[in-house]
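Engineer: Take a look at this one; I'll ask things after.
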Amino acid sequence: MGGQKMISCKVLAVTDDPEARKGIVGDADYNMLWYCRADPRFQYWVRVPKGYLEDENRQGYKLVVVIHGTGCEVERYLQAAAPFLEEQHAVLLAPVFPSGLFELRDFNSYKLLACDGIRYDEILLQMIEELRYRYEGVETERFFLCGHSGGGQFTNRFLFVHPDRLTAVSISAPGRPTLIDFEQDYFMGVRDLKEHFGHEIDLEALRKVHVQMVVGSLDCKYVGESPCGSTRIERLKCLKQNFEAHGISVQLNVLDGVDHESLEGDEKRMAAFGEFFKKYM
């Protein structure tokens, strides 16, 4: 610009000397916010357990993906997940889908997986592919997926579209769940799922994924009238019954004394996700 000399970021390239590198950047790139190179409008956080830094073999690390709610409150889950990641030798990826990309007040698009020409499910898979190249030894072919509220909606729908990529999921308090309903169009049902995602729902593949559903005992605010109920507790129980009617086993955890939005609730939810996932790691 204006004839000014360009400065390359390579001038601050980090040395290959492990000790010097540790002194310069510490473990910053193992706890990093990365741009998604496939679509730089979106970013993702990565948290890697401390043991990974000293592990010379770096094999068999499981991948856990946490989807944020409407307010993009990613940091809460990054902090709450730390003990679980260390214990289970797992790596966490948390995508950030910011609001207002096309419409000023839009904060729901990502929950639908496909909206306004963007395939948020495919963006997540691109992030996972980038992670595979950045962090050796992380198993990415199948992973663990969880999300609360808006993130629960994303998890619910991602399960329907990509069951073959999932080992286990935890769906927490989605306000507007998607049922396995062949009489209603997406997002309420799955009648026209192929028109949006290129294939029908695969019930056999769904039955191979371990499913947990989570909701707080105090998450009982009125959220509107629906055939599934007027509170998130009622709607989640409706979703559970729907899954079970189609041969999908579900573990339901109602967290005592937990509401929908508190920091303490997020910590208890992350603990519940972790306890469920540990059984399949």
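Ligands are numbered from 1 in the order shown, residues from 1 within each chain, and chains are lettered A, B, ... in the order they appear in the structure tokens.
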Check which residues of range 166-260 of chain A sit at most 6 Å from range 140-153 of chain A using only C-alpha atoms, and return one row each with the closest pair of atoms and their distance in Å to one decimal, ordered by chain and rising number, as a Markdown table.

Structural biologist:
| residue | atom | partner | partner_atom | distance |
| --- | --- | --- | --- | --- |
| A:Leu166 | CA | A:Arg142 | CA | 4.9 |
| A:Thr167 | CA | A:Phe143 | CA | 5.6 |
| A:Ala168 | CA | A:Phe144 | CA | 5.1 |
| A:Val169 | CA | A:Leu145 | CA | 4.8 |
| A:Ser170 | CA | A:Cys146 | CA | 4.5 |
| A:Ile171 | CA | A:Gly152 | CA | 4.7 |
| A:Ser172 | CA | A:His148 | CA | 4.4 |
| A:Ala173 | CA | A:Ser149 | CA | 5.0 |
| A:Pro174 | CA | A:Ser149 | CA | 4.4 |
| A:Pro177 | CA | A:Gln153 | CA | 5.8 |

Engineer: Any chance you can output those residues with all heavy atoms as a PDB file, in the first residue's frame?

Structural biologist:
ATOM      1  N   LEU A 166     -19.366 -40.202  13.337  1.00  0.00           N
ATOM      2  CA  LEU A 166     -19.533 -40.009  14.773  1.00  0.00           C
ATOM      3  C   LEU A 166     -19.429 -41.314  15.555  1.00  0.00           C
ATOM      4  O   LEU A 166     -19.991 -42.332  15.157  1.00  0.00           O
ATOM      5  CB  LEU A 166     -20.885 -39.362  15.053  1.00  0.00           C
ATOM      6  CG  LEU A 166     -21.069 -37.965  14.448  1.00  0.00           C
ATOM      7  CD1 LEU A 166     -22.540 -37.550  14.490  1.00  0.00           C
ATOM      8  CD2 LEU A 166     -20.213 -36.953  15.193  1.00  0.00           C
ATOM      9  N   THR A 167     -18.713 -41.240  16.685  1.00  0.00           N
ATOM     10  CA  THR A 167     -18.704 -42.340  17.640  1.00  0.00           C
ATOM     11  C   THR A 167     -19.811 -42.160  18.665  1.00  0.00           C
ATOM     12  O   THR A 167     -20.544 -43.091  18.986  1.00  0.00           O
ATOM     13  CB  THR A 167     -17.346 -42.417  18.357  1.00  0.00           C
ATOM     14  OG1 THR A 167     -16.318 -42.679  17.398  1.00  0.00           O
ATOM     15  CG2 THR A 167     -17.352 -43.514  19.418  1.00  0.00           C
ATOM     16  N   ALA A 168     -19.930 -40.933  19.190  1.00  0.00           N
ATOM     17  CA  ALA A 168     -20.952 -40.637  20.200  1.00  0.00           C
ATOM     18  C   ALA A 168     -21.305 -39.161  20.129  1.00  0.00           C
ATOM     19  O   ALA A 168     -20.481 -38.334  19.720  1.00  0.00           O
ATOM     20  CB  ALA A 168     -20.449 -40.992  21.595  1.00  0.00           C
ATOM     21  N   VAL A 169     -22.531 -38.844  20.535  1.00  0.00           N
ATOM     22  CA  VAL A 169     -22.977 -37.455  20.565  1.00  0.00           C
ATOM     23  C   VAL A 169     -23.683 -37.179  21.884  1.00  0.00           C
ATOM     24  O   VAL A 169     -24.251 -38.081  22.504  1.00  0.00           O
ATOM     25  CB  VAL A 169     -23.933 -37.105  19.399  1.00  0.00           C
ATOM     26  CG1 VAL A 169     -23.261 -37.320  18.051  1.00  0.00           C
ATOM     27  CG2 VAL A 169     -25.227 -37.898  19.490  1.00  0.00           C
ATOM     28  N   SER A 170     -23.647 -35.919  22.278  1.00  0.00           N
ATOM     29  CA  SER A 170     -24.437 -35.470  23.420  1.00  0.00           C
ATOM     30  C   SER A 170     -25.211 -34.230  23.005  1.00  0.00           C
ATOM     31  O   SER A 170     -24.623 -33.208  22.635  1.00  0.00           O
ATOM     32  CB  SER A 170     -23.543 -35.166  24.616  1.00  0.00           C
ATOM     33  OG  SER A 170     -24.332 -34.874  25.747  1.00  0.00           O
ATOM     34  N   ILE A 171     -26.529 -34.332  23.058  1.00  0.00           N
ATOM     35  CA  ILE A 171     -27.441 -33.267  22.631  1.00  0.00           C
ATOM     36  C   ILE A 171     -28.025 -32.628  23.883  1.00  0.00           C
ATOM     37  O   ILE A 171     -28.751 -33.274  24.632  1.00  0.00           O
ATOM     38  CB  ILE A 171     -28.564 -33.840  21.750  1.00  0.00           C
ATOM     39  CG1 ILE A 171     -27.983 -34.550  20.520  1.00  0.00           C
ATOM     40  CG2 ILE A 171     -29.533 -32.737  21.333  1.00  0.00           C
ATOM     41  CD1 ILE A 171     -29.004 -35.383  19.759  1.00  0.00           C
ATOM     42  N   SER A 172     -27.699 -31.354  24.104  1.00  0.00           N
ATOM     43  CA  SER A 172     -28.127 -30.691  25.333  1.00  0.00           C
ATOM     44  C   SER A 172     -29.146 -29.590  25.048  1.00  0.00           C
ATOM     45  O   SER A 172     -28.849 -28.623  24.349  1.00  0.00           O
ATOM     46  CB  SER A 172     -26.909 -30.097  26.057  1.00  0.00           C
ATOM     47  OG  SER A 172     -27.300 -29.378  27.207  1.00  0.00           O
ATOM     48  N   ALA A 173     -30.331 -29.757  25.586  1.00  0.00           N
ATOM     49  CA  ALA A 173     -31.384 -28.733  25.650  1.00  0.00           C
ATOM     50  C   ALA A 173     -31.605 -27.938  24.373  1.00  0.00           C
ATOM     51  O   ALA A 173     -31.586 -26.709  24.388  1.00  0.00           O
ATOM     52  CB  ALA A 173     -31.065 -27.766  26.799  1.00  0.00           C
ATOM     53  N   PRO A 174     -31.831 -28.591  23.249  1.00  0.00           N
ATOM     54  CA  PRO A 174     -32.134 -27.840  22.027  1.00  0.00           C
ATOM     55  C   PRO A 174     -33.538 -27.239  22.102  1.00  0.00           C
ATOM     56  O   PRO A 174     -34.504 -27.948  22.405  1.00  0.00           O
ATOM     57  CB  PRO A 174     -32.046 -28.904  20.926  1.00  0.00           C
ATOM     58  CG  PRO A 174     -32.416 -30.185  21.619  1.00  0.00           C
ATOM     59  CD  PRO A 174     -31.890 -30.057  23.023  1.00  0.00           C
ATOM     60  N   PRO A 177     -35.755 -28.899  18.384  1.00  0.00           N
ATOM     61  CA  PRO A 177     -35.151 -30.135  17.883  1.00  0.00           C
ATOM     62  C   PRO A 177     -35.731 -30.547  16.535  1.00  0.00           C
ATOM     63  O   PRO A 177     -36.813 -30.118  16.141  1.00  0.00           O
ATOM     64  CB  PRO A 177     -35.501 -31.153  18.963  1.00  0.00           C
ATOM     65  CG  PRO A 177     -36.770 -30.641  19.567  1.00  0.00           C
ATOM     66  CD  PRO A 177     -36.651 -29.142  19.527  1.00  0.00           C
TER      67      PRO A 177
END

Engineer: Which residues are close to Asp259 in chain A, i.e. within 10 Å by only C-alpha atoms, leaving aside same-chain residues fewer than 5 positions away? Reply as a PyMOL selection string.

Structural biologist: chain A and resi 215-221+264-266

Engineer: Put those residues in a file: N, CA and C atoms, as a short mmCIF file (atom, residue, chain, number, x, y, z; two decimals), in the first residue's frame.

Structural biologist:
data_model
loop_
_atom_site.label_atom_id
_atom_site.label_comp_id
_atom_site.auth_asym_id
_atom_site.auth_seq_id
_atom_site.Cartn_x
_atom_site.Cartn_y
_atom_site.Cartn_z
N VAL A 215 -30.20 -32.22 30.00
CA VAL A 215 -30.97 -31.01 30.27
C VAL A 215 -30.93 -30.75 31.77
N GLY A 216 -30.96 -29.48 32.16
CA GLY A 216 -30.98 -29.13 33.57
C GLY A 216 -32.38 -29.24 34.14
N SER A 217 -32.48 -29.60 35.41
CA SER A 217 -33.79 -29.74 36.05
C SER A 217 -34.51 -28.40 36.17
N LEU A 218 -33.75 -27.29 36.11
CA LEU A 218 -34.35 -25.95 36.19
C LEU A 218 -34.53 -25.30 34.82
N ASP A 219 -34.27 -26.05 33.76
CA ASP A 219 -34.38 -25.51 32.40
C ASP A 219 -35.83 -25.64 31.94
N CYS A 220 -36.70 -24.91 32.62
CA CYS A 220 -38.13 -25.11 32.39
C CYS A 220 -38.87 -23.82 32.02
N LYS A 221 -38.15 -22.86 31.43
CA LYS A 221 -38.81 -21.65 30.96
C LYS A 221 -39.68 -21.97 29.75
N GLU A 264 -21.98 -22.13 35.97
CA GLU A 264 -21.93 -23.38 36.71
C GLU A 264 -22.62 -24.49 35.93
N GLY A 265 -23.71 -24.14 35.25
CA GLY A 265 -24.41 -25.13 34.44
C GLY A 265 -23.55 -25.63 33.30
N ASP A 266 -22.79 -24.73 32.66
CA ASP A 266 -21.91 -25.14 31.57
C ASP A 266 -20.85 -26.11 32.07
#

Engineer: Using only C-alpha atoms, which of A:Val11, A:Leu63, A:Val96, A:Leu179 sits nearest Cys228 in chain A?

Structural biologist: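 When distances to Cys228 in chain A are compared using only C-alpha atoms, the smallest one comes from A:Leu179.
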
Engineer: Where in range 63-250 of chain A does DSSP assign alpha helix (DSSP H), given as a ChimeraX atom specification?

Structural biologist: /A:74-88,120-134,150-161,193-197,203-206,232-245

Engineer: Write out, as a compact mmCIF listing (two decimals), in the first residue's frame, the residues just selected, with C-alpha atoms.

Structural biologist:
# COMPACT_ATOMS: atom_id res chain seq x y z
CA VAL A 74 -16.86 -20.96 23.54
CA GLU A 75 -14.42 -20.08 26.32
CA ARG A 76 -16.57 -21.62 29.06
CA TYR A 77 -16.33 -25.04 27.48
CA LEU A 78 -12.63 -24.74 26.71
CA GLN A 79 -11.93 -24.19 30.39
CA ALA A 80 -14.39 -26.76 31.68
CA ALA A 81 -13.05 -29.45 29.33
CA ALA A 82 -9.40 -29.19 30.44
CA PRO A 83 -9.42 -31.92 33.14
CA PHE A 84 -11.29 -34.33 30.89
CA LEU A 85 -8.85 -33.77 28.01
CA GLU A 86 -5.85 -34.52 30.23
CA GLU A 87 -7.44 -37.64 31.68
CA GLN A 88 -8.60 -39.11 28.37
CA TYR A 120 -21.87 -25.29 8.16
CA ASP A 121 -21.58 -29.06 8.55
CA GLU A 122 -19.03 -29.20 5.74
CA ILE A 123 -17.12 -26.25 7.20
CA LEU A 124 -16.79 -28.19 10.45
CA LEU A 125 -15.47 -31.20 8.53
CA GLN A 126 -12.94 -28.93 6.80
CA MET A 127 -11.79 -27.68 10.21
CA ILE A 128 -11.32 -31.27 11.34
CA GLU A 129 -9.30 -32.04 8.21
CA GLU A 130 -7.03 -29.06 8.94
CA LEU A 131 -6.63 -30.25 12.52
CA ARG A 132 -5.57 -33.66 11.24
CA TYR A 133 -2.64 -32.06 9.41
CA ARG A 134 -1.69 -29.68 12.22
CA GLY A 150 -28.13 -23.83 19.73
CA GLY A 151 -25.18 -26.21 19.78
CA GLY A 152 -27.61 -28.97 20.72
CA GLN A 153 -29.65 -28.19 17.62
CA PHE A 154 -26.51 -28.38 15.47
CA THR A 155 -25.52 -31.70 17.08
CA ASN A 156 -29.03 -33.13 16.62
CA ARG A 157 -29.01 -32.33 12.89
CA PHE A 158 -25.35 -33.19 12.25
CA LEU A 159 -26.09 -36.66 13.62
CA PHE A 160 -28.81 -37.11 11.00
CA VAL A 161 -26.58 -35.97 8.13
CA LEU A 193 -33.46 -34.16 3.87
CA LYS A 194 -32.04 -35.41 0.56
CA GLU A 195 -32.90 -32.12 -1.17
CA HIS A 196 -30.74 -30.22 1.31
CA PHE A 197 -27.91 -32.68 2.01
CA LEU A 203 -31.34 -45.21 10.38
CA GLU A 204 -28.95 -48.16 10.48
CA ALA A 205 -25.97 -45.83 10.71
CA LEU A 206 -27.74 -43.75 13.37
CA ARG A 232 -36.78 -27.49 26.76
CA ILE A 233 -37.22 -30.37 29.18
CA GLU A 234 -40.43 -31.44 27.46
CA ARG A 235 -38.92 -31.06 24.01
CA LEU A 236 -35.83 -33.07 24.84
CA LYS A 237 -37.91 -35.89 26.28
CA CYS A 238 -40.01 -35.82 23.10
CA LEU A 239 -36.81 -36.11 21.04
CA LYS A 240 -35.68 -39.05 23.17
CA GLN A 241 -38.99 -40.85 22.64
CA ASN A 242 -38.72 -40.19 18.90
CA PHE A 243 -35.22 -41.65 18.73
CA GLU A 244 -36.21 -44.72 20.73
CA ALA A 245 -39.25 -45.29 18.51

Engineer: Quick one: DSSP strand (DSSP E or B) residues in range 56-153 of chain A, as a list of chain:residue names?

Structural biologist: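 Filtering range 56-153 of chain A to strand (DSSP E or B) leaves A:Tyr61, A:Lys62, A:Leu63, A:Val64, A:Val65, A:Val66, A:Ile67, A:Ala90, A:Val91, A:Leu92, A:Leu93, A:Ala94, A:Pro95, A:Val96, A:Ala114, A:Cys115, A:Ile118, A:Arg119, A:Val138, A:Phe143, A:Phe144, A:Leu145, A:Cys146, A:Gly147, A:His148.
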
Engineer: Counting only C-alpha atoms, which residue out of A:Pro95, A:Gly3, A:Gly274, A:Gly257 sits closest to Tyr35 in chain A?

Structural biologist: A:Pro95

Engineer: Do you have the CA of Asp185 in chain A-CA of Phe107 in chain A distance handy?

Structural biologist: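 Calculated distance between CA of Asp185 in chain A and CA of Phe107 in chain A is 21.6 Å.
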
Engineer: Looking at only C-alpha atoms, which of A:Ile248, A:Ala114, A:Val48, A:Met270 is the one that sits closest to Asp202 in chain A?

Structural biologist: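 Smallest separation from Asp202 in chain A among the options: A:Ile248.
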